[in-house]
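Pasting data_25.csv here (CSV, C-alpha atoms):
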```
chain,number,residue,atom,x,y,z
A,1295,MET,CA,14.1,-9.7,23.1
A,1296,ARG,CA,14.7,-11.5,19.8
A,1297,ALA,CA,16.0,-8.6,17.7
A,1298,ILE,CA,15.4,-8.2,13.9
A,1299,GLY,CA,17.8,-6.0,12.0
A,1300,GLY,CA,20.6,-6.0,9.5
A,1301,ASP,CA,22.0,-9.3,10.7
A,1302,GLN,CA,18.8,-11.0,10.1
A,1303,VAL,CA,18.4,-9.6,6.6
A,1304,GLU,CA,21.9,-10.9,5.8
A,1305,GLU,CA,21.1,-14.3,7.3
A,1306,ALA,CA,18.0,-14.6,5.2
A,1307,VAL,CA,19.8,-13.6,2.0
A,1308,ALA,CA,22.6,-16.0,2.7
A,1309,GLY,CA,20.1,-18.8,3.2
A,1310,CYS,CA,18.4,-17.9,-0.1
A,1311,VAL,CA,21.6,-17.9,-2.1
A,1312,ALA,CA,22.8,-21.2,-0.5
A,1313,ALA,CA,19.4,-22.9,-1.3
A,1314,LEU,CA,19.2,-21.7,-4.9
A,1315,ARG,CA,22.8,-21.9,-6.0
A,1316,PRO,CA,22.7,-25.7,-6.8
A,1317,ALA,CA,20.2,-24.9,-9.5
A,1318,VAL,CA,21.8,-22.0,-11.3
A,1319,GLU,CA,22.4,-24.0,-14.4
A,1320,ARG,CA,18.7,-24.7,-14.8
A,1321,ASP,CA,16.2,-22.6,-16.8
A,1322,TRP,CA,14.5,-20.4,-14.2
A,1323,GLN,CA,12.6,-18.5,-16.9
A,1324,GLY,CA,10.7,-21.6,-18.0
A,1325,VAL,CA,9.6,-22.8,-14.5
A,1326,GLN,CA,6.7,-21.2,-12.7
A,1327,ALA,CA,7.3,-20.5,-9.0
A,1328,ALA,CA,5.1,-22.5,-6.7
A,1329,GLY,CA,1.8,-20.8,-6.1
A,1330,LEU,CA,2.6,-17.7,-8.2
A,1331,GLU,CA,2.0,-16.5,-11.7
A,1332,TRP,CA,5.7,-15.5,-12.0
A,1333,SER,CA,8.5,-17.6,-13.2
A,1334,CYS,CA,11.3,-18.6,-10.8
A,1335,HIS,CA,13.5,-15.9,-12.5
A,1336,GLN,CA,10.9,-13.2,-12.1
A,1337,THR,CA,10.3,-14.2,-8.5
A,1338,ALA,CA,14.1,-14.1,-7.7
A,1339,PHE,CA,14.3,-10.7,-9.3
A,1340,HIS,CA,11.3,-9.6,-7.3
A,1341,ILE,CA,13.2,-10.4,-4.1
A,1342,ALA,CA,16.0,-8.0,-5.2
A,1343,GLU,CA,13.5,-5.3,-6.3
A,1344,ASP,CA,11.8,-5.4,-2.9
A,1345,LEU,CA,15.1,-5.3,-0.9
A,1346,VAL,CA,16.3,-2.3,-2.9
A,1347,ALA,CA,12.9,-0.5,-2.6
A,1348,TYR,CA,12.9,-1.0,1.2
A,1349,ALA,CA,16.4,0.2,1.5
A,1350,ALA,CA,15.7,3.3,-0.6
A,1351,ASN,CA,12.6,4.2,1.3
A,1352,LEU,CA,14.2,3.8,4.7
A,1353,ALA,CA,17.4,5.6,3.7
A,1354,GLY,CA,15.6,8.3,1.8
A,1355,ARG,CA,13.0,8.8,4.6
A,1356,ALA,CA,10.2,8.5,1.9
A,1357,GLN,CA,6.9,9.7,3.3
A,1358,ASP,CA,4.2,9.6,0.6
A,1359,ASP,CA,5.2,6.9,-1.8
A,1360,TYR,CA,8.1,4.6,-2.9
A,1361,VAL,CA,11.2,6.4,-4.1
A,1362,PRO,CA,10.6,6.7,-7.8
A,1363,PHE,CA,13.1,4.4,-9.5
A,1364,GLU,CA,13.5,0.8,-10.5
A,1365,ILE,CA,16.4,-1.6,-10.9
A,1366,THR,CA,17.0,-3.6,-14.1
A,1367,LEU,CA,19.3,-6.5,-15.0
A,1368,ASP,CA,21.9,-6.1,-17.7
A,1369,ASP,CA,21.2,-8.1,-20.8
A,1370,GLY,CA,22.5,-11.6,-20.6
A,1371,THR,CA,22.6,-11.7,-16.7
A,1372,ASP,CA,22.5,-15.4,-15.8
A,1373,ASN,CA,21.2,-17.0,-12.6
A,1374,THR,CA,24.5,-16.7,-10.9
A,1375,GLY,CA,24.5,-12.9,-11.6
A,1376,LEU,CA,20.9,-12.7,-10.4
A,1377,LEU,CA,21.9,-14.3,-7.0
A,1378,HIS,CA,24.7,-11.7,-6.8
A,1379,VAL,CA,22.1,-9.0,-7.3
A,1380,ILE,CA,20.1,-10.4,-4.4
A,1381,GLU,CA,23.2,-10.5,-2.2
A,1382,ALA,CA,24.0,-6.9,-3.1
A,1383,SER,CA,20.4,-5.6,-2.5
A,1384,GLY,CA,20.3,-7.5,0.8
A,1385,ALA,CA,23.5,-5.8,1.9
A,1386,LEU,CA,22.0,-2.4,1.0
A,1387,LEU,CA,18.9,-3.0,3.1
A,1388,ALA,CA,21.0,-4.3,6.0
A,1389,ALA,CA,23.1,-1.1,5.9
A,1390,ALA,CA,20.0,1.1,5.7
A,1391,VAL,CA,18.5,-0.7,8.7
A,1392,ARG,CA,21.8,-0.4,10.7
A,1393,THR,CA,22.2,3.3,10.1
A,1394,ALA,CA,18.6,4.5,10.5
A,1395,PRO,CA,17.9,6.1,13.8
A,1396,ARG,CA,15.4,4.4,16.1
A,1397,GLU,CA,12.6,7.0,15.6
A,1398,VAL,CA,12.7,7.1,11.7
A,1399,ARG,CA,9.7,5.8,9.9
A,1400,ALA,CA,9.3,5.7,6.1
A,1401,PHE,CA,6.6,4.9,3.6
A,1402,HIS,CA,5.0,1.5,3.2
A,1403,PRO,CA,1.4,1.3,2.1
A,1404,TYR,CA,0.0,-1.3,4.4
A,1405,PRO,CA,-1.7,-1.0,6.8
A,1406,PHE,CA,-0.8,2.4,8.3
A,1407,ARG,CA,1.4,3.9,5.5
A,1408,SER,CA,4.7,3.7,7.4
A,1409,ALA,CA,7.3,1.3,8.9
A,1410,ASP,CA,10.3,1.7,11.2
A,1411,ARG,CA,13.7,0.2,10.7
A,1412,GLU,CA,12.6,-3.1,12.4
A,1413,GLY,CA,9.6,-3.2,10.1
A,1414,PHE,CA,11.6,-2.8,7.0
A,1415,ALA,CA,14.1,-5.4,8.2
A,1416,ALA,CA,11.2,-7.8,8.9
A,1417,MET,CA,9.5,-7.1,5.5
A,1418,GLY,CA,12.8,-7.8,3.7
A,1419,VAL,CA,13.3,-11.0,5.6
A,1420,ALA,CA,9.7,-12.1,4.9
A,1421,GLU,CA,10.1,-11.4,1.1
A,1422,VAL,CA,13.4,-13.5,1.1
A,1423,LEU,CA,12.0,-16.4,3.1
A,1424,LEU,CA,8.7,-16.7,1.4
A,1425,HIS,CA,9.8,-16.3,-2.2
A,1426,THR,CA,12.9,-18.5,-1.7
A,1427,HIS,CA,10.4,-21.1,-0.6
A,1428,ASP,CA,8.3,-20.5,-3.8
A,1429,ILE,CA,11.3,-20.9,-6.1
A,1430,ALA,CA,12.8,-23.9,-4.2
A,1431,GLN,CA,9.6,-25.8,-4.2
A,1432,ALA,CA,9.2,-25.3,-7.9
A,1433,LEU,CA,12.8,-26.4,-8.6
A,1434,GLY,CA,12.6,-29.4,-6.2
A,1435,LEU,CA,15.2,-27.9,-3.9
A,1436,ALA,CA,15.3,-28.4,-0.1
A,1437,TYR,CA,14.8,-25.2,1.9
A,1438,GLU,CA,13.8,-24.3,5.4
A,1439,PRO,CA,15.0,-21.2,7.2
A,1440,SER,CA,15.9,-21.0,10.9
A,1441,GLU,CA,13.1,-21.1,13.4
A,1442,GLU,CA,14.4,-17.9,14.8
A,1443,LEU,CA,14.1,-16.0,11.5
A,1444,ALA,CA,10.5,-17.3,10.9
A,1445,GLU,CA,9.5,-16.4,14.5
A,1446,SER,CA,10.9,-12.9,14.2
A,1447,VAL,CA,8.8,-12.3,11.0
A,1448,LEU,CA,5.7,-13.6,12.8
A,1449,THR,CA,6.2,-11.5,15.9
A,1450,TRP,CA,7.0,-8.3,14.0
A,1451,LEU,CA,4.7,-8.5,11.0
A,1452,PHE,CA,1.9,-11.0,12.0
A,1453,PRO,CA,0.8,-9.9,15.5
A,1454,HIS,CA,-2.7,-10.9,14.6
A,1455,VAL,CA,-1.8,-14.6,13.9
A,1456,GLN,CA,-1.8,-17.0,16.8
A,1457,PRO,CA,1.5,-18.8,17.2
A,1458,GLY,CA,1.6,-22.4,16.1
A,1459,PRO,CA,3.6,-25.3,17.3
A,1460,ALA,CA,6.5,-24.2,15.0
A,1461,ALA,CA,7.2,-20.8,13.4
A,1462,TRP,CA,8.0,-21.8,9.8
A,1463,PRO,CA,4.9,-23.9,9.2
A,1464,THR,CA,2.8,-21.2,10.8
A,1465,LEU,CA,4.3,-18.5,8.6
A,1466,LEU,CA,3.7,-20.6,5.5
A,1467,TRP,CA,0.1,-21.2,6.6
A,1468,ALA,CA,-0.4,-17.5,7.4
A,1469,THR,CA,0.7,-16.5,3.9
A,1470,GLY,CA,-1.5,-19.1,2.1
A,1471,ARG,CA,1.4,-21.5,1.5
A,1472,GLY,CA,0.6,-24.4,3.7
A,1473,GLU,CA,-1.8,-26.1,6.1
A,1474,LEU,CA,-2.0,-26.2,9.9
A,1475,PRO,CA,-4.1,-28.8,11.8
A,1476,GLY,CA,-7.3,-27.3,13.1
A,1477,ARG,CA,-7.0,-24.0,11.1
A,1478,ALA,CA,-8.9,-23.1,7.9
A,1479,PRO,CA,-6.8,-22.5,4.8
A,1480,VAL,CA,-5.7,-18.9,4.3
A,1481,THR,CA,-6.8,-17.4,0.9
A,1482,GLU,CA,-6.1,-13.7,1.6
A,1483,TRP,CA,-3.5,-12.2,3.9
A,1484,ARG,CA,-1.5,-9.1,4.8
A,1485,TRP,CA,1.2,-8.4,7.2
A,1486,ARG,CA,0.8,-5.6,9.7
A,1487,ASN,CA,3.4,-3.0,10.6
A,1488,ASN,CA,2.7,-1.3,13.9
A,1489,LEU,CA,0.5,1.7,14.3
A,1490,VAL,CA,2.0,5.1,15.4
A,1491,ILE,CA,-0.1,8.1,16.5
A,1492,PRO,CA,1.8,11.4,16.6
A,1493,THR,CA,1.1,14.3,19.0
A,1494,GLU,CA,2.8,17.6,19.4
A,1495,ARG,CA,5.5,16.3,21.8
A,1496,LEU,CA,5.0,12.5,21.7
A,1497,THR,CA,4.7,9.6,19.4
A,1498,LEU,CA,2.5,6.7,20.5
A,1499,VAL,CA,4.3,3.7,19.2
A,1500,GLY,CA,2.5,0.4,18.9
A,1501,VAL,CA,4.3,-2.4,20.9
A,1502,ARG,CA,4.7,-5.6,18.9
A,1503,PRO,CA,4.4,-9.0,20.6
A,1504,ALA,CA,8.2,-9.6,20.7
A,1505,ALA,CA,8.6,-6.2,22.4
A,1506,ALA,CA,5.7,-6.9,24.8
A,1507,ARG,CA,7.2,-10.3,25.8
A,1508,ASP,CA,10.5,-8.6,26.6
A,1509,LEU,CA,8.7,-5.9,28.7
A,1510,ARG,CA,6.8,-8.5,30.5
A,1511,LEU,CA,10.0,-10.3,31.4
A,1512,GLY,CA,11.7,-7.2,32.7
A,1513,GLY,CA,13.4,-5.9,29.6
A,1514,ASP,CA,13.2,-2.5,27.9
A,1515,GLY,CA,11.1,-3.8,24.9
A,1516,GLY,CA,13.6,-2.1,22.5
A,1517,PHE,CA,12.9,1.4,23.8
A,1518,GLU,CA,15.1,3.8,25.6
A,1519,TRP,CA,13.3,4.7,28.8
A,1520,LEU,CA,13.4,7.8,30.9
A,1521,ASP,CA,15.1,7.0,34.2
A,1522,GLY,CA,12.8,4.8,36.3
A,1523,GLY,CA,10.9,3.3,33.4
A,1524,PRO,CA,9.0,1.5,32.4
A,1525,PHE,CA,6.4,1.6,35.2
A,1526,GLN,CA,4.8,-1.6,36.5
A,1527,GLY,CA,1.5,-0.8,34.8
A,1528,THR,CA,3.2,-0.9,31.4
A,1529,ARG,CA,4.7,-4.3,32.2
A,1530,GLU,CA,1.3,-5.6,33.2
A,1531,ALA,CA,-0.2,-4.2,30.0
A,1532,ALA,CA,2.5,-5.9,28.0
A,1533,GLY,CA,1.6,-9.2,29.6
A,1534,MET,CA,-2.0,-8.7,28.4
A,1535,VAL,CA,-0.7,-8.2,24.9
A,1536,VAL,CA,1.3,-11.4,25.1
A,1537,LYS,CA,-1.6,-13.3,26.5
A,1538,ALA,CA,-3.9,-12.1,23.7
A,1539,TYR,CA,-1.3,-12.8,21.0
A,1540,GLU,CA,-0.8,-16.4,22.2
A,1541,SER,CA,-4.6,-16.9,22.4
A,1542,GLY,CA,-5.0,-15.7,18.9
A,1543,VAL,CA,-7.3,-12.7,19.8
A,1544,HIS,CA,-4.8,-9.9,19.7
A,1545,ARG,CA,-5.8,-6.9,17.5
A,1546,PRO,CA,-2.6,-4.9,17.3
A,1547,GLU,CA,-4.1,-1.4,17.1
A,1548,PHE,CA,-6.0,-2.1,20.3
A,1549,GLY,CA,-2.9,-3.2,22.2
A,1550,LEU,CA,-0.2,-1.3,24.1
A,1551,PHE,CA,1.6,1.9,22.9
A,1552,ALA,CA,4.8,3.3,24.3
A,1553,LEU,CA,4.8,7.0,24.7
A,1554,VAL,CA,8.0,8.2,23.1
A,1555,ARG,CA,9.1,11.8,23.6
A,1556,ARG,CA,10.0,13.5,20.3
A,1557,GLU,CA,12.7,15.7,21.7
A,1558,ASP,CA,15.0,12.9,22.7
A,1559,GLY,CA,13.4,9.6,21.6
A,1560,ARG,CA,13.0,8.4,25.2
A,1561,ALA,CA,9.9,6.5,26.3
A,1562,VAL,CA,8.1,8.2,29.2
A,1563,GLY,CA,5.1,5.8,29.7
A,1564,GLY,CA,2.7,3.3,28.3
A,1565,MET,CA,-0.9,3.7,27.2
A,1566,GLY,CA,-3.4,1.5,25.4
A,1567,PHE,CA,-6.5,-0.7,25.5
A,1568,HIS,CA,-7.4,-3.7,27.7
A,1569,GLY,CA,-8.5,-5.4,24.6
A,1570,ALA,CA,-10.4,-5.0,21.3
A,1571,PRO,CA,-13.9,-3.4,21.4
A,1572,ASP,CA,-16.7,-5.7,22.4
A,1573,GLU,CA,-19.8,-6.3,20.3
A,1574,ASP,CA,-21.3,-3.1,21.7
A,1575,GLY,CA,-18.3,-1.0,20.7
A,1576,ARG,CA,-17.0,-0.6,24.2
A,1577,ALA,CA,-13.2,-0.5,24.9
A,1578,GLU,CA,-11.3,0.3,28.1
A,1579,VAL,CA,-8.2,2.5,28.1
A,1580,GLY,CA,-5.4,2.5,30.7
A,1581,TYR,CA,-2.0,4.3,31.1
A,1582,ASP,CA,0.9,5.1,33.3
A,1583,LEU,CA,3.9,7.4,33.2
A,1584,VAL,CA,7.4,7.1,34.5
A,1585,GLU,CA,7.5,9.2,37.7
A,1586,ALA,CA,10.0,11.7,36.2
A,1587,ALA,CA,7.6,12.4,33.4
A,1588,ARG,CA,4.6,13.2,35.5
A,1589,GLY,CA,3.0,16.6,35.9
A,1590,GLN,CA,4.1,17.8,32.4
A,1591,GLY,CA,0.8,17.1,30.5
A,1592,TYR,CA,2.1,14.0,28.6
A,1593,ALA,CA,-0.7,11.7,29.8
A,1594,THR,CA,-3.4,14.3,28.8
A,1595,GLU,CA,-1.8,14.8,25.4
A,1596,ALA,CA,-1.5,11.1,24.7
A,1597,LEU,CA,-4.9,10.1,25.9
A,1598,ARG,CA,-6.6,12.8,24.0
A,1599,ALA,CA,-4.9,11.6,20.7
A,1600,LEU,CA,-5.6,7.9,21.4
A,1601,SER,CA,-9.3,8.6,22.3
A,1602,GLU,CA,-9.9,10.7,19.2
A,1603,TRP,CA,-8.2,8.0,17.0
A,1604,ALA,CA,-10.4,5.3,18.5
A,1605,LEU,CA,-13.7,7.1,18.4
A,1606,ALA,CA,-13.2,8.0,14.8
A,1607,ARG,CA,-13.5,4.3,14.0
A,1608,ASP,CA,-16.8,2.6,13.2
A,1609,ASP,CA,-16.3,-0.2,15.7
A,1610,VAL,CA,-15.8,2.0,18.8
A,1611,ARG,CA,-18.8,3.8,20.4
A,1612,LEU,CA,-17.7,4.1,24.0
A,1613,LEU,CA,-14.4,4.4,25.8
A,1614,MET,CA,-14.1,3.6,29.5
A,1615,ALA,CA,-11.4,4.5,32.0
A,1616,THR,CA,-11.2,3.3,35.6
A,1617,VAL,CA,-9.4,5.5,38.1
A,1618,ASP,CA,-8.6,5.0,41.8
A,1619,ARG,CA,-10.7,7.2,44.0
A,1620,GLU,CA,-7.6,8.7,45.6
A,1621,ASN,CA,-5.8,9.4,42.3
A,1622,LEU,CA,-6.8,13.0,41.7
A,1623,PRO,CA,-4.2,13.7,39.0
A,1624,SER,CA,-5.4,10.8,36.9
A,1625,GLN,CA,-9.0,11.9,37.4
A,1626,ALA,CA,-8.0,15.3,36.1
A,1627,VAL,CA,-6.4,13.7,33.0
A,1628,VAL,CA,-9.5,11.8,31.9
A,1629,THR,CA,-11.7,14.8,32.6
A,1630,ARG,CA,-9.5,17.1,30.5
A,1631,CYS,CA,-9.7,14.5,27.7
A,1632,GLY,CA,-13.5,14.6,27.5
A,1633,TYR,CA,-14.4,11.7,29.8
A,1634,ASP,CA,-17.4,12.1,32.1
A,1635,ARG,CA,-17.9,10.5,35.5
A,1636,ALA,CA,-20.3,7.5,35.0
A,1637,THR,CA,-23.6,7.6,36.7
A,1638,VAL,CA,-24.3,5.6,39.9
A,1639,GLU,CA,-26.2,3.0,37.8
A,1640,GLU,CA,-23.5,2.7,35.2
A,1641,GLU,CA,-20.9,2.2,37.9
A,1642,ARG,CA,-23.1,-0.4,39.6
A,1643,THR,CA,-23.5,-2.3,36.3
A,1644,ALA,CA,-19.7,-2.2,35.8
A,1645,ARG,CA,-19.1,-3.7,39.2
A,1646,GLU,CA,-21.7,-6.4,38.7
A,1647,GLN,CA,-21.0,-7.3,35.1
A,1648,ASP,CA,-17.3,-6.4,34.6
A,1649,ASP,CA,-16.1,-7.1,38.2
A,1650,MET,CA,-14.9,-3.5,38.6
A,1651,ASP,CA,-13.1,-3.0,41.9
A,1652,SER,CA,-15.0,-0.9,44.5
A,1653,VAL,CA,-12.0,1.5,45.0
A,1654,LEU,CA,-12.3,2.6,41.3
A,1655,GLN,CA,-14.3,5.2,39.7
A,1656,LEU,CA,-15.6,4.8,36.1
A,1657,TYR,CA,-15.3,7.5,33.5
A,1658,LEU,CA,-16.8,7.4,30.0
A,1659,ARG,CA,-16.3,9.1,26.7
A,1660,ARG,CA,-18.9,8.5,24.0
A,1661,ALA,CA,-18.5,8.8,20.2
```
Represent the structure contained in this file as structure tokens.
Amino acid sequence: MRAIGGDQVEEAVAGCVAALRPAVERDWQGVQAAGLEWSCHQTAFHIAEDLVAYAANLAGRAQDDYVPFEITLDDGTDNTGLLHVIEASGALLAAAVRTAPREVRAFHPYPFRSADREGFAAMGVAEVLLHTHDIAQALGLAYEPSEELAESVLTWLFPHVQPGPAAWPTLLWATGRGELPGRAPVTEWRWRNNLVIPTERLTLVGVRPAAARDLRLGGDGGFEWLDGGPFQGTREAAGMVVKAYESGVHRPEFGLFALVRREDGRAVGGMGFHGAPDEDGRAEVGYDLVEAARGQGYATEALRALSEWALARDDVRLLMATVDRENLPSQAVVTRCGYDRATVEEERTAREQDDMDSVLQLYLRRA
């Protein structure tokens, strides 16, 4: 799996400084950054501000808002000094990412009010790459980050964006900074950190496209699995995520979640949706557990939480689960979570319209 962490933050910052240093003798205050209302100087300082804010929130485990402080430049700080501030703030974020435990999440407002260490690293890299581009373009400087950095930002923060022929032009297009053949211009955009849903003993952690690709190929997806994991169903579900992502139809909150045990941070299974809700508000759920984690109520706890989260939305009216006729434990799980056995007519329709296998039974939970 292509990782994103402290090394990538430092690489992005080094590329920023190298690109902008040839223009340190110019007036950055008097030149407006490309596509922004800020000057090049304000934009460069914004990079440093964001890197420090991300480092502070992650290191301070902020939960409800940004840590309440700001940085300022000393009077008379020139452009060389400003680049030094960017280097220092990047080093702070890199250190915070490297020392944060895997399970830690801290405040970031969009879209689910938290991010993990990889999310903060990706956001820092995104700020550096995109705003360095804005400054360099305004100053007439050449700048293009590595394809690996750009792809990491896309797979960690833009899971809803279909990959393009090259990552950097795709990232520029996705943030309203460029064009891609065959795609409409982007006028509004947001990145997306992954969704987590807590339960008493578990955290359902949304699996990003990069992690899904690794799971599909036989890796661990960046998770520490209980012995014997992940189970094959999780790897197949990861393949569905990758296929949807590459097709441009992936909706991250309706993808795959790893079930991570709170007591030790180990993943015990996978659970999620077969795709986004259809036009009638129907979505299908599926799950599996590592064998060593079965019989302890984890599937029931996770499915109940995921079902309640989904049915609280306006775009979900009906959840479906298909269970093998011989799988009595799984039938008990869905029943405990409020799913009812479908009628004969409903099962007949599912077999005819949705090609449901005859060995499966259909269970439904309505909003």
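In terms of minimum interatomic distance to A:Tyr1539, A:Ala1505 ranks closest within A:Ala1593, A:Ala1505, A:Ala1389, A:Ala1587, counting only C-alpha atoms.
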Within 12 Å of (-8.0, 14.5, 33.6) (coordinates as in the file), grab all the protein and nucleic acid residues, counting all atoms listed in the file, and write them out as an mmCIF file with C-alpha atoms, in the coordinates of the input.
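Wrote it out as part_12.cif, contents follow:
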```
data_model
loop_
_atom_site.group_PDB
_atom_site.id
_atom_site.type_symbol
_atom_site.label_atom_id
_atom_site.label_comp_id
_atom_site.auth_asym_id
_atom_site.auth_seq_id
_atom_site.Cartn_x
_atom_site.Cartn_y
_atom_site.Cartn_z
ATOM 1 C CA GLY A 1589 3.000 16.600 35.900
ATOM 2 C CA GLY A 1591 0.800 17.100 30.500
ATOM 3 C CA TYR A 1592 2.100 14.000 28.600
ATOM 4 C CA ALA A 1593 -0.700 11.700 29.800
ATOM 5 C CA THR A 1594 -3.400 14.300 28.800
ATOM 6 C CA GLU A 1595 -1.800 14.800 25.400
ATOM 7 C CA ALA A 1596 -1.500 11.100 24.700
ATOM 8 C CA LEU A 1597 -4.900 10.100 25.900
ATOM 9 C CA ARG A 1598 -6.600 12.800 24.000
ATOM 10 C CA ALA A 1615 -11.400 4.500 32.000
ATOM 11 C CA THR A 1616 -11.200 3.300 35.600
ATOM 12 C CA VAL A 1617 -9.400 5.500 38.100
ATOM 13 C CA ASN A 1621 -5.800 9.400 42.300
ATOM 14 C CA LEU A 1622 -6.800 13.000 41.700
ATOM 15 C CA PRO A 1623 -4.200 13.700 39.000
ATOM 16 C CA SER A 1624 -5.400 10.800 36.900
ATOM 17 C CA GLN A 1625 -9.000 11.900 37.400
ATOM 18 C CA ALA A 1626 -8.000 15.300 36.100
ATOM 19 C CA VAL A 1627 -6.400 13.700 33.000
ATOM 20 C CA VAL A 1628 -9.500 11.800 31.900
ATOM 21 C CA THR A 1629 -11.700 14.800 32.600
ATOM 22 C CA ARG A 1630 -9.500 17.100 30.500
ATOM 23 C CA CYS A 1631 -9.700 14.500 27.700
ATOM 24 C CA GLY A 1632 -13.500 14.600 27.500
ATOM 25 C CA TYR A 1633 -14.400 11.700 29.800
ATOM 26 C CA ASP A 1634 -17.400 12.100 32.100
ATOM 27 C CA ARG A 1635 -17.900 10.500 35.500
ATOM 28 C CA TYR A 1657 -15.300 7.500 33.500
ATOM 29 C CA LEU A 1658 -16.800 7.400 30.000
#
```
List the neighbours of A:Val1391 out to 12 Å using only C-alpha atoms; skip same-chain residues closer than 6 positions along the sequence, and give me the result as a short mmCIF file (atom, residue, chain, number, x, y, z; two decimals) with C-alpha atoms, keeping the file's coordinate frame.
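Output file result_36.cif is given in full below:
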```
data_model
loop_
_atom_site.label_atom_id
_atom_site.label_comp_id
_atom_site.auth_asym_id
_atom_site.auth_seq_id
_atom_site.Cartn_x
_atom_site.Cartn_y
_atom_site.Cartn_z
CA ILE A 1298 15.40 -8.20 13.90
CA GLY A 1299 17.80 -6.00 12.00
CA GLY A 1300 20.60 -6.00 9.50
CA ASP A 1301 22.00 -9.30 10.70
CA GLN A 1302 18.80 -11.00 10.10
CA VAL A 1303 18.40 -9.60 6.60
CA GLU A 1304 21.90 -10.90 5.80
CA LEU A 1345 15.10 -5.30 -0.90
CA VAL A 1346 16.30 -2.30 -2.90
CA TYR A 1348 12.90 -1.00 1.20
CA ALA A 1349 16.40 0.20 1.50
CA ALA A 1350 15.70 3.30 -0.60
CA ASN A 1351 12.60 4.20 1.30
CA LEU A 1352 14.20 3.80 4.70
CA ALA A 1353 17.40 5.60 3.70
CA GLY A 1354 15.60 8.30 1.80
CA ARG A 1355 13.00 8.80 4.60
CA GLY A 1384 20.30 -7.50 0.80
CA ALA A 1385 23.50 -5.80 1.90
CA GLU A 1397 12.60 7.00 15.60
CA VAL A 1398 12.70 7.10 11.70
CA ARG A 1399 9.70 5.80 9.90
CA ALA A 1400 9.30 5.70 6.10
CA ALA A 1409 7.30 1.30 8.90
CA ASP A 1410 10.30 1.70 11.20
CA ARG A 1411 13.70 0.20 10.70
CA GLU A 1412 12.60 -3.10 12.40
CA GLY A 1413 9.60 -3.20 10.10
CA PHE A 1414 11.60 -2.80 7.00
CA ALA A 1415 14.10 -5.40 8.20
CA ALA A 1416 11.20 -7.80 8.90
CA MET A 1417 9.50 -7.10 5.50
CA GLY A 1418 12.80 -7.80 3.70
CA VAL A 1419 13.30 -11.00 5.60
#
```
Between atom CA of A:Cys1334 and atom CA of A:Trp1483, what is the distance, to one decimal in Å?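 Distance reported for this atom pair: 21.8 Å.
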Exercise: A:Arg1555 partners within 8 Å, all atoms listed in the file, chain neighbours under 4 positions left out, as a ChimeraX atom specification: /A:1495-1497,1559-1562
Select, from A:Cys1310, A:Leu1423, A:Gln1431, A:Arg1315, the residue with the minimum atom-to-atom distance to A:Ala1327, counting only C-alpha atoms. A:Gln1431
Might you pull out every residue within 8 Å of A:Phe1339, with all atoms listed in the file counted and same-chain residues fewer than 4 positions away left off, and present them as number ranges by chain? A: 1335, 1343, 1376, 1380
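Proximity of A:Asp1428, A:Asp1582, A:Asp1572, A:Glu1640 to A:Ala1531, computed with only C-alpha atoms, is greatest for A:Asp1582.
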Tell me which residues come within 12 Å of (8.2, -19.0, 8.6), as a count of residues only, counting all atoms listed in the file in the file's coordinates. 42
Pairwise distance for atom CA of A:Pro1395 and atom CA of A:Ala1604, rounded to one decimal in Å: 28.7 Å
I'd like the contact shell of A:Ser1652 - 10 Å cut-off, all atoms listed in the file, skipping same-chain residues fewer than 5 positions apart - returned as JSON, numbers by chain. {"A": [1618, 1619, 1641, 1642, 1644, 1645]}
